[in-house]
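Shown here: structure-v7.cif, mmCIF, C-alpha atoms.
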```
data_run
loop_
_atom_site.label_atom_id
_atom_site.label_comp_id
_atom_site.auth_asym_id
_atom_site.auth_seq_id
_atom_site.Cartn_x
_atom_site.Cartn_y
_atom_site.Cartn_z
CA MET A 153 114.34 119.11 84.33
CA THR A 154 115.66 115.74 85.48
CA SER A 155 116.51 114.66 89.00
CA ASP A 156 119.83 112.97 89.81
CA SER A 157 118.67 111.61 93.15
CA LEU A 158 115.38 110.13 94.36
CA ARG A 159 113.89 108.70 97.51
CA LEU A 160 111.79 105.54 97.14
CA LEU A 161 109.33 104.16 99.69
CA ILE A 162 108.48 100.44 99.45
CA CYS A 163 105.33 99.66 101.44
CA SER A 164 104.60 96.33 103.13
CA ALA A 165 108.20 95.51 102.29
CA GLY A 166 108.25 92.10 103.98
CA ARG A 167 110.34 89.70 101.91
CA ARG A 168 110.53 91.88 98.79
CA VAL A 169 114.32 91.91 98.65
CA GLY A 170 114.31 91.16 94.91
CA LEU A 171 112.16 94.22 94.21
CA LEU A 172 114.44 96.42 96.32
CA GLN A 173 117.48 95.10 94.46
CA SER A 174 115.80 95.72 91.09
CA PHE A 175 115.29 99.38 91.96
CA ARG A 176 118.87 99.77 93.12
CA ALA A 177 120.18 98.15 89.94
CA ALA A 178 117.94 100.46 87.90
CA ALA A 179 119.33 103.52 89.67
CA ASP A 180 122.87 102.33 88.95
CA ARG A 181 122.07 101.97 85.24
CA LEU A 182 120.72 105.52 85.26
CA SER A 183 123.69 106.86 87.29
CA MET A 184 121.11 108.10 89.77
CA GLY A 185 121.34 108.32 93.52
CA LEU A 186 118.56 106.32 95.19
CA GLU A 187 117.70 106.15 98.87
CA VAL A 188 115.34 103.29 99.68
CA ILE A 189 113.01 103.63 102.65
CA ALA A 190 110.93 100.59 103.60
CA CYS A 191 107.92 100.32 105.86
CA ASP A 192 106.16 97.35 107.36
CA LEU A 193 104.01 96.40 110.32
CA ASN A 194 107.06 94.84 111.99
CA PRO A 195 110.14 96.25 110.24
CA ASP A 196 112.50 94.48 112.67
CA ASP A 197 111.24 91.17 111.27
CA SER A 198 111.40 92.14 107.57
CA ALA A 199 114.32 91.11 105.36
CA ALA A 200 113.65 93.95 102.91
CA CYS A 201 113.50 96.47 105.75
CA ALA A 202 116.83 95.19 107.05
CA LEU A 203 118.44 95.83 103.66
CA ALA A 204 116.84 99.24 103.05
CA ASP A 205 118.59 102.50 103.87
CA ALA A 206 115.97 103.14 106.54
CA ALA A 207 112.91 101.27 107.82
CA LEU A 208 109.84 102.48 109.66
CA PRO A 209 106.79 100.89 111.29
CA VAL A 210 103.27 101.58 110.01
CA PRO A 211 99.87 100.17 111.03
CA ARG A 212 98.27 97.22 109.28
CA CYS A 213 96.99 98.18 105.86
CA ASP A 214 93.39 97.54 106.99
CA ASP A 215 93.81 100.08 109.80
CA PRO A 216 91.81 103.29 109.13
CA GLY A 217 94.99 105.29 109.73
CA TYR A 218 97.19 103.34 107.29
CA ALA A 219 97.15 105.80 104.38
CA GLU A 220 97.77 108.73 106.71
CA ALA A 221 100.75 106.90 108.23
CA VAL A 222 102.26 106.35 104.78
CA LEU A 223 101.60 110.02 103.98
CA ASP A 224 103.45 110.99 107.17
CA VAL A 225 106.47 108.92 106.09
CA THR A 226 106.32 110.47 102.61
CA ARG A 227 106.17 113.99 104.05
CA GLU A 228 108.87 113.53 106.69
CA HIS A 229 111.36 111.80 104.39
CA GLY A 230 110.76 113.72 101.16
CA ILE A 231 109.69 110.59 99.26
CA ASN A 232 109.49 110.89 95.46
CA LEU A 233 108.01 107.47 94.60
CA VAL A 234 105.72 105.29 96.72
CA VAL A 235 105.48 101.62 95.69
CA PRO A 236 102.94 99.34 97.42
CA THR A 237 103.41 95.58 97.17
CA ILE A 238 100.22 93.89 98.42
CA ASP A 239 96.61 94.06 97.26
CA PRO A 240 94.84 95.18 100.49
CA GLU A 241 96.80 98.46 100.65
CA LEU A 242 95.98 99.56 97.09
CA LEU A 243 92.53 101.02 97.69
CA PRO A 244 93.29 103.07 100.83
CA LEU A 245 96.37 104.50 99.13
CA ALA A 246 94.53 105.18 95.87
CA GLN A 247 91.87 107.08 97.80
CA ALA A 248 94.65 109.35 99.13
CA HIS A 249 96.16 109.95 95.67
CA ASP A 250 95.63 113.72 95.73
CA ASP A 251 97.29 114.00 99.14
CA PHE A 252 100.42 112.27 97.82
CA ALA A 253 100.37 114.47 94.72
CA ARG A 254 100.29 117.60 96.89
CA LEU A 255 103.49 116.36 98.54
CA GLY A 256 105.11 115.97 95.11
CA ALA A 257 105.22 112.18 95.36
CA ARG A 258 104.34 109.74 92.59
CA LEU A 259 102.03 107.11 94.06
CA HIS A 260 102.42 103.94 92.02
CA VAL A 261 98.75 103.00 92.26
CA SER A 262 96.09 103.18 89.55
CA PRO A 263 92.94 105.25 90.21
CA THR A 264 90.25 103.94 92.54
CA SER A 265 88.05 103.10 89.52
CA VAL A 266 90.64 100.48 88.52
CA ILE A 267 91.40 99.18 92.01
CA GLU A 268 87.71 98.70 92.83
CA VAL A 269 87.41 96.40 89.80
CA VAL A 270 90.58 94.33 90.26
CA ARG A 271 89.98 93.87 94.01
CA ASP A 272 86.58 92.33 93.27
CA LYS A 273 86.99 89.11 91.28
CA GLN A 274 83.32 89.05 90.28
CA ARG A 275 83.59 92.54 88.77
CA THR A 276 86.94 91.65 87.22
CA SER A 277 85.33 88.76 85.38
CA GLU A 278 82.41 90.89 84.21
CA VAL A 279 84.52 93.84 83.03
CA LEU A 280 87.03 91.64 81.20
CA ALA A 281 84.33 89.50 79.57
CA ALA A 282 82.60 92.65 78.30
CA ALA A 283 85.89 93.67 76.66
CA GLY A 284 86.31 90.29 74.97
CA VAL A 285 89.04 89.01 77.31
CA PRO A 286 88.72 85.23 77.85
CA VAL A 287 87.72 84.46 81.45
CA PRO A 288 86.19 81.41 83.16
CA ARG A 289 82.46 81.38 83.74
CA THR A 290 81.96 83.13 87.07
CA PHE A 291 78.99 83.21 89.45
CA ASP A 292 78.24 84.45 92.91
CA GLN A 293 76.71 81.97 95.34
CA ALA A 294 73.10 82.94 94.75
CA GLY A 295 73.52 82.96 90.98
CA LEU A 296 75.14 79.53 90.97
CA LEU A 297 72.63 77.86 93.27
CA ALA A 298 69.71 79.32 91.35
CA ASN A 299 70.76 77.17 88.38
CA PRO A 300 73.54 74.68 89.22
CA ASP A 301 73.42 73.16 85.72
CA GLN A 302 74.80 76.33 84.08
CA ILE A 303 78.35 75.20 84.88
CA SER A 304 80.22 71.90 84.79
CA TRP A 305 81.07 70.32 88.13
CA PRO A 306 83.31 70.30 90.12
CA VAL A 307 83.59 74.08 90.54
CA PHE A 308 86.42 76.22 91.87
CA ALA A 309 85.60 78.66 94.68
CA LYS A 310 87.61 81.58 96.06
CA PRO A 311 86.98 84.79 98.01
CA SER A 312 85.90 87.62 95.74
CA GLY A 313 88.34 89.95 97.46
CA GLY A 314 91.03 87.43 98.29
CA SER A 315 94.71 87.31 97.42
CA ALA A 316 97.82 85.16 97.95
CA SER A 317 95.90 81.91 97.27
CA ARG A 318 93.83 82.36 100.43
CA GLY A 319 90.54 80.52 100.95
CA LEU A 320 90.56 78.39 97.79
CA GLU A 321 88.11 75.47 97.69
CA VAL A 322 86.71 72.90 95.25
CA PHE A 323 83.13 71.64 95.42
CA ASP A 324 81.96 68.50 93.62
CA ARG A 325 78.22 69.15 93.97
CA ALA A 326 75.89 72.05 94.69
CA GLU A 327 74.80 70.23 97.83
CA ASP A 328 78.34 70.47 99.21
CA ILE A 329 78.38 74.27 99.24
CA PRO A 330 77.83 75.69 102.75
CA ALA A 331 74.88 77.98 103.32
CA GLU A 332 77.20 80.74 104.53
CA PHE A 333 80.85 81.73 104.17
CA SER A 334 82.84 84.21 106.25
CA GLU A 335 83.21 86.45 103.17
CA PRO A 336 81.67 86.73 99.68
CA MET A 337 82.77 83.92 97.36
CA ILE A 338 82.79 83.40 93.61
CA PHE A 339 82.50 80.10 91.78
CA GLN A 340 84.21 79.40 88.47
CA ASP A 341 84.99 76.72 85.92
CA MET A 342 87.47 74.22 87.30
CA LEU A 343 90.37 74.93 84.98
CA ARG A 344 93.37 72.69 84.46
CA GLY A 345 96.61 73.13 82.57
CA PRO A 346 99.77 75.21 82.86
CA GLU A 347 99.56 78.56 84.64
CA TYR A 348 101.20 81.78 83.48
CA THR A 349 101.85 85.15 85.05
CA ILE A 350 101.90 88.00 82.57
CA ASN A 351 103.66 91.17 83.71
CA MET A 352 102.68 94.34 81.86
CA PHE A 353 103.81 97.96 81.91
CA VAL A 354 101.55 100.89 80.98
CA ASP A 355 103.36 104.21 80.71
CA ALA A 356 102.18 107.53 82.14
CA SER A 357 100.32 108.37 78.93
CA GLY A 358 98.29 105.14 79.10
CA GLN A 359 100.18 103.24 76.39
CA LEU A 360 100.81 99.52 76.91
CA ARG A 361 104.55 99.23 76.37
CA THR A 362 105.54 95.76 77.55
CA VAL A 363 103.94 92.34 77.97
CA ILE A 364 106.17 89.60 79.40
CA PRO A 365 104.62 86.22 80.29
CA HIS A 366 106.33 83.56 82.31
CA LEU A 367 105.31 79.96 82.87
CA ARG A 368 104.76 79.23 86.55
CA MET A 369 106.72 75.99 86.71
CA GLN A 370 106.53 75.68 90.50
CA VAL A 371 104.66 77.76 93.06
CA ARG A 372 105.03 78.13 96.82
CA ALA A 373 102.49 80.02 98.97
CA GLY A 374 100.94 81.54 95.86
CA GLU A 375 104.23 82.96 94.55
CA VAL A 376 106.28 81.60 91.67
CA GLU A 377 109.35 79.66 92.82
CA LYS A 378 110.45 78.41 89.39
CA GLY A 379 109.47 80.14 86.18
CA GLU A 380 110.55 80.76 82.60
CA THR A 381 109.76 83.64 80.23
CA ARG A 382 107.73 82.70 77.15
CA ARG A 383 106.57 84.75 74.16
CA ARG A 384 102.96 84.01 73.26
CA ALA A 385 100.85 86.14 70.95
CA ASP A 386 97.60 85.04 72.62
CA LEU A 387 98.80 86.18 76.05
CA HIS A 388 99.95 89.49 74.58
CA GLU A 389 96.46 89.87 73.08
CA ALA A 390 94.92 89.21 76.52
CA ALA A 391 97.07 92.01 77.98
CA GLU A 392 95.87 94.35 75.24
CA GLY A 393 92.29 93.44 76.15
CA ILE A 394 92.93 94.21 79.82
CA ALA A 395 94.41 97.58 78.89
CA ARG A 396 91.26 98.32 76.85
CA ALA A 397 88.96 97.14 79.65
CA LEU A 398 90.82 99.24 82.24
CA PRO A 399 91.87 102.38 80.32
CA ASP A 400 93.01 104.16 83.51
CA LEU A 401 95.45 101.39 84.48
CA ARG A 402 98.94 102.84 84.93
CA GLY A 403 102.39 101.53 85.72
CA VAL A 404 103.02 97.90 86.59
CA ALA A 405 100.38 95.19 86.74
CA CYS A 406 100.31 91.43 86.39
CA PHE A 407 97.62 88.91 85.66
CA GLN A 408 97.28 85.15 85.96
CA VAL A 409 96.21 82.79 83.18
CA ILE A 410 95.44 79.09 83.18
CA ASP A 411 95.86 77.57 79.72
CA ASP A 412 93.10 74.95 79.81
CA PRO A 413 93.54 72.30 77.06
CA ASP A 414 89.81 72.39 76.26
CA LEU A 415 88.82 76.02 76.87
CA GLY A 416 92.10 77.71 76.00
CA PRO A 417 93.79 80.46 78.05
CA ARG A 418 91.54 82.04 80.68
CA VAL A 419 92.43 85.09 82.79
CA ILE A 420 91.70 84.30 86.43
CA GLU A 421 92.83 87.44 88.26
CA ILE A 422 94.65 90.77 88.01
CA ASN A 423 97.05 92.42 90.47
CA ALA A 424 97.49 96.15 89.83
CA ARG A 425 100.98 96.21 91.39
CA PHE A 426 104.40 94.61 91.20
CA GLY A 427 103.91 90.84 91.40
CA GLY A 428 106.09 88.58 93.50
CA GLY A 429 107.68 87.14 90.35
CA TYR A 430 108.69 90.52 88.93
CA PRO A 431 112.45 89.93 89.45
CA LEU A 432 112.28 87.31 86.66
CA ALA A 433 110.85 89.89 84.23
CA ASP A 434 113.50 92.39 85.31
CA HIS A 435 116.32 89.92 84.77
CA ALA A 436 114.94 89.13 81.31
CA GLY A 437 115.22 92.80 80.33
CA ALA A 438 111.77 94.18 81.21
CA HIS A 439 113.09 96.84 83.59
CA PHE A 440 109.82 98.17 85.02
CA ALA A 441 111.62 99.61 88.06
CA GLN A 442 113.93 101.62 85.80
CA TRP A 443 111.06 102.90 83.68
CA LEU A 444 109.24 104.15 86.77
CA LEU A 445 112.39 105.92 87.98
CA GLU A 446 112.72 107.50 84.54
CA GLU A 447 109.16 108.80 84.65
CA VAL A 448 109.51 110.19 88.18
CA SER A 449 112.90 111.82 87.52
CA GLY A 450 111.79 113.49 84.28
CA ARG A 451 113.87 111.32 81.96
CA PRO A 452 112.43 109.92 78.72
CA CYS A 453 110.84 106.53 79.38
CA SER A 454 112.91 103.82 77.66
CA ALA A 455 110.21 101.13 77.97
CA HIS A 456 110.34 98.46 75.26
CA ASP A 457 109.11 94.93 74.55
CA ASN A 458 112.48 93.50 73.54
CA TRP A 459 112.94 91.19 76.53
CA ARG A 460 114.62 87.77 76.41
CA GLU A 461 112.60 84.61 76.01
CA GLY A 462 113.63 81.39 77.79
CA VAL A 463 115.05 83.08 80.89
CA LYS A 464 114.53 80.76 83.84
CA MET A 465 114.29 81.68 87.52
CA MET A 466 114.90 79.11 90.26
CA ARG A 467 114.46 80.67 93.67
CA TYR A 468 116.13 79.46 96.83
CA ASP A 469 115.98 80.47 100.48
CA CYS A 470 118.46 83.06 101.69
CA ALA A 471 118.78 84.88 104.99
CA VAL A 472 119.50 88.31 106.43
CA TYR A 473 121.30 88.36 109.78
CA GLN A 474 121.22 90.98 112.48
CA GLY A 475 122.97 91.20 115.80
#
```
Written as structure tokens, that's how I'd like the structure from this file.
Amino acid sequence: MTSDSLRLLICSAGRRVGLLQSFRAAADRLSMGLEVIACDLNPDDSAACALADAALPVPRCDDPGYAEAVLDVTREHGINLVVPTIDPELLPLAQAHDDFARLGARLHVSPTSVIEVVRDKQRTSEVLAAAGVPVPRTFDQAGLLANPDQISWPVFAKPSGGSASRGLEVFDRAEDIPAEFSEPMIFQDMLRGPEYTINMFVDASGQLRTVIPHLRMQVRAGEVEKGETRRRADLHEAAEGIARALPDLRGVACFQVIDDPDLGPRVIEINARFGGGYPLADHAGAHFAQWLLEEVSGRPCSAHDNWREGVKMMRYDCAVYQG
């Protein structure tokens, strides 16, 4: 039996106006009623919350009560689909998967076994390499300093659990690496070349249905500002490798690739969620938001890989006014 009306909860809504609009456009294409609820730490300061049908405050996603707060919203508002948008909230929500299921809500988060890998960049590198996915050489601090000659210098360093381009550093010599960091770090080949985001959709049965890369032509604060969709067989093959390496991955995910002129394409990280550049994929015909609504409402999933190449996105600043 299909549903003609759904309630969607977008978590950590922040600036995700494009994602909200993609879901509303998807509901229109399906002739479906859609009520969008948004939550954020400070909903009064969130553009997406201002444009939602309702907005509610929740604790920070690192608060021990975060998942329970999202469950309360889901219960009180009869939410059918919960969509998180940032990496730190994935694990606490995934750990509460059964609680959401008991409320009849689809939680758009892969199982904890997947999230624990993708939230740890060292494990990501190891799991993907074991599946034959091309990744840069990756070491923890002790492993690197035990044999500095096992990698070419300079090296690229980043927090093993970081996101949004936080804490990135480059070190020219082993002697330049501090004895201690505030969090665990990994050290990788210093890659150069164009960077791609590859959005992928895995349906409820575990089948990889869509792979849509876009060239990151210009980036601001870790998010693509100008991009263009490109069809590349090697990037599609990398997505297939990720799906093999993470067989429990479900729904929407994206991964980043640097196409080094000497080493070739190398996968540098995975986000098991909607990426910030998803609106470009949606505009090019990869309607992930629609396919999720279809799955939740009981409609046949119309997912396909027939998206348009050469679609360019050029973002600009816009504003929401209140008062």
Q: To verify the selection step, state as a list in words which residues the PyMOL selection byres ((chain A and resi 293) around 12) yields on this input.
A: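 Evaluating the PyMOL selection byres ((chain A and resi 293) around 12) on this file yields Gln274, Thr290, Phe291, Asp292, Ala294, Gly295, Leu296, Leu297, Ala298, Asn299, Pro300, Val307, Phe308, Ala309, Lys310, Pro311, Ser312, Ala326, Ile329, Pro330, Ala331, Glu332, Phe333, Glu335, Pro336, Met337, Ile338, Phe339 and Gln340 of chain A.
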**Q.** Nearest to Asp224 in chain A, chosen from A:Leu161, A:Ala177, A:Val376, A:Ala246, with only C-alpha atoms counted in the distances
**A.**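 Result for the nearest residue to Asp224 in chain A: A:Leu161.
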Which residues of range 178-271 of chain A sit at most 8 Å from range 383-401 of chain A, using all atoms listed in the file? Give each one's shortest atom pair and distance in Å (one decimal place), in chain and ascending residue order, as CSV.
```
residue,atom,partner,partner_atom,distance
A:Ser262,CA,A:Leu401,CA,5.4
A:Pro263,CA,A:Asp400,CA,6.8
A:Ser265,CA,A:Asp400,CA,7.9
A:Val266,CA,A:Leu401,CA,6.3
```
Q: Measure the distance from CA of Val322 in chain A to CA of Ile303 in chain A in Å and round it to one decimal.
A: 13.5 Å
Q.
Using the chain letters and numbers from this file, what does the PyMOL selection byres ((chain A and resi 261) around 8) select? Give the answer as a list in words.
A. Val235, Pro236, Leu242, Leu245, Ala246, Leu259, His260, Ser262, Pro263, Arg402, Gly403, Ala424 and Arg425 of chain A
Preceding selection exported with C-alpha atoms as a PDB file, in the frame of the given file:
```pdb
ATOM      1  CA  VAL A 235     105.480 101.620  95.690  1.00  0.00           C
ATOM      2  CA  PRO A 236     102.940  99.340  97.420  1.00  0.00           C
ATOM      3  CA  LEU A 242      95.980  99.560  97.090  1.00  0.00           C
ATOM      4  CA  LEU A 245      96.370 104.500  99.130  1.00  0.00           C
ATOM      5  CA  ALA A 246      94.530 105.180  95.870  1.00  0.00           C
ATOM      6  CA  LEU A 259     102.030 107.110  94.060  1.00  0.00           C
ATOM      7  CA  HIS A 260     102.420 103.940  92.020  1.00  0.00           C
ATOM      8  CA  SER A 262      96.090 103.180  89.550  1.00  0.00           C
ATOM      9  CA  PRO A 263      92.940 105.250  90.210  1.00  0.00           C
ATOM     10  CA  ARG A 402      98.940 102.840  84.930  1.00  0.00           C
ATOM     11  CA  GLY A 403     102.390 101.530  85.720  1.00  0.00           C
ATOM     12  CA  ALA A 424      97.490  96.150  89.830  1.00  0.00           C
ATOM     13  CA  ARG A 425     100.980  96.210  91.390  1.00  0.00           C
TER      14      ARG A 425
END
```
(Q) Which residues would end up in the selection if the PyMOL selection byres ((chain A and resi 427) around 8) were applied here, given that I need the answer as a PyMOL selection string? (A) chain A and resi 237+351+405-406+423+425-426+428-430
Q.
I'd like to know which of A:Trp459, A:Leu343, A:Asp412, A:Leu360 is closest to Thr381 in chain A, using only C-alpha atoms.
A.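 That would be A:Trp459, the residue with the smallest distance to Thr381 in chain A.
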Q) Quick one: residues within 10 Å of Asp214 in chain A, only C-alpha atoms counted, chain neighbours fewer than 3 positions away excluded, as a PyMOL selection string? A) chain A and resi 211+217-219+240-241+243-244
Q.
Please compute the CA of Thr349 in chain A-CA of Pro431 in chain A distance, one decimal, in Å.
A.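 Spanning CA of Thr349 in chain A to CA of Pro431 in chain A is a straight-line distance of 12.4 Å.
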**Q.** Best match for closeness to Leu182 in chain A among A:Ile231, A:Leu158, A:Cys213, A:Ile238, counting all atoms listed in the file
**A.** A:Leu158
Q: Show which residues sit within 7 Å of Gly313 in chain A, as a list of chain:residue names. Count all atoms listed in the file, and ignore same-chain residues fewer than 4 positions away.
A: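 Final neighbour list, sorted by chain and number: A:Arg271, A:Asp272, A:Lys273.
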Q: Tell me, in Å to one decimal, how far CA of Glu461 in chain A is from CA of His439 in chain A.
A: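 That distance, rounded to one decimal, is 14.4 Å.
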Q: Find the residues around Asn232 in chain A up to 8 Å (all atoms listed in the file counted), leave out those fewer than 3 positions away in its own chain, and share them as a list in words.
A: Leu158, Arg159, Leu160, Leu161, Thr226, Gly256, Ala257, Arg258 and Val448 of chain A
**Q.** Selection as a PyMOL selection string: residues within 12 Å of (112.9, 93.4, 91.4), counting all atoms listed in the file
**A.** chain A and resi 162+167-178+200+235+237+404+426-442
Q | Residue nearest Gly379 in chain A - candidates A:His249, A:Arg467, A:Arg344, A:Arg451, atoms counted: all atoms listed in the file | A | A:Arg467
Q) Looking at only C-alpha atoms, which of A:Glu447, A:Cys201, A:Glu375, A:Pro365 is the one that sits closest to Val463 in chain A? A)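 With only C-alpha atoms as the atom set, the closest residue is A:Pro365.
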Q: For Pro286 in chain A, please output as a PyMOL selection string all residues within 10 Å (counting all atoms listed in the file; exclusion window: fewer than 2 positions along the same chain).
A: chain A and resi 277+280-284+288-289+390+393+409+415-420
Who sits within 7 Å of range 194-197 of chain A, all atoms listed in the file, same chain under 6 positions skipped, as a compact mmCIF listing (two decimals) with C-alpha atoms, keeping the file's coordinate frame:
```
# COMPACT_ATOMS: atom_id res chain seq x y z
CA ALA A 207 112.91 101.27 107.82
CA LEU A 208 109.84 102.48 109.66
CA PRO A 209 106.79 100.89 111.29
```
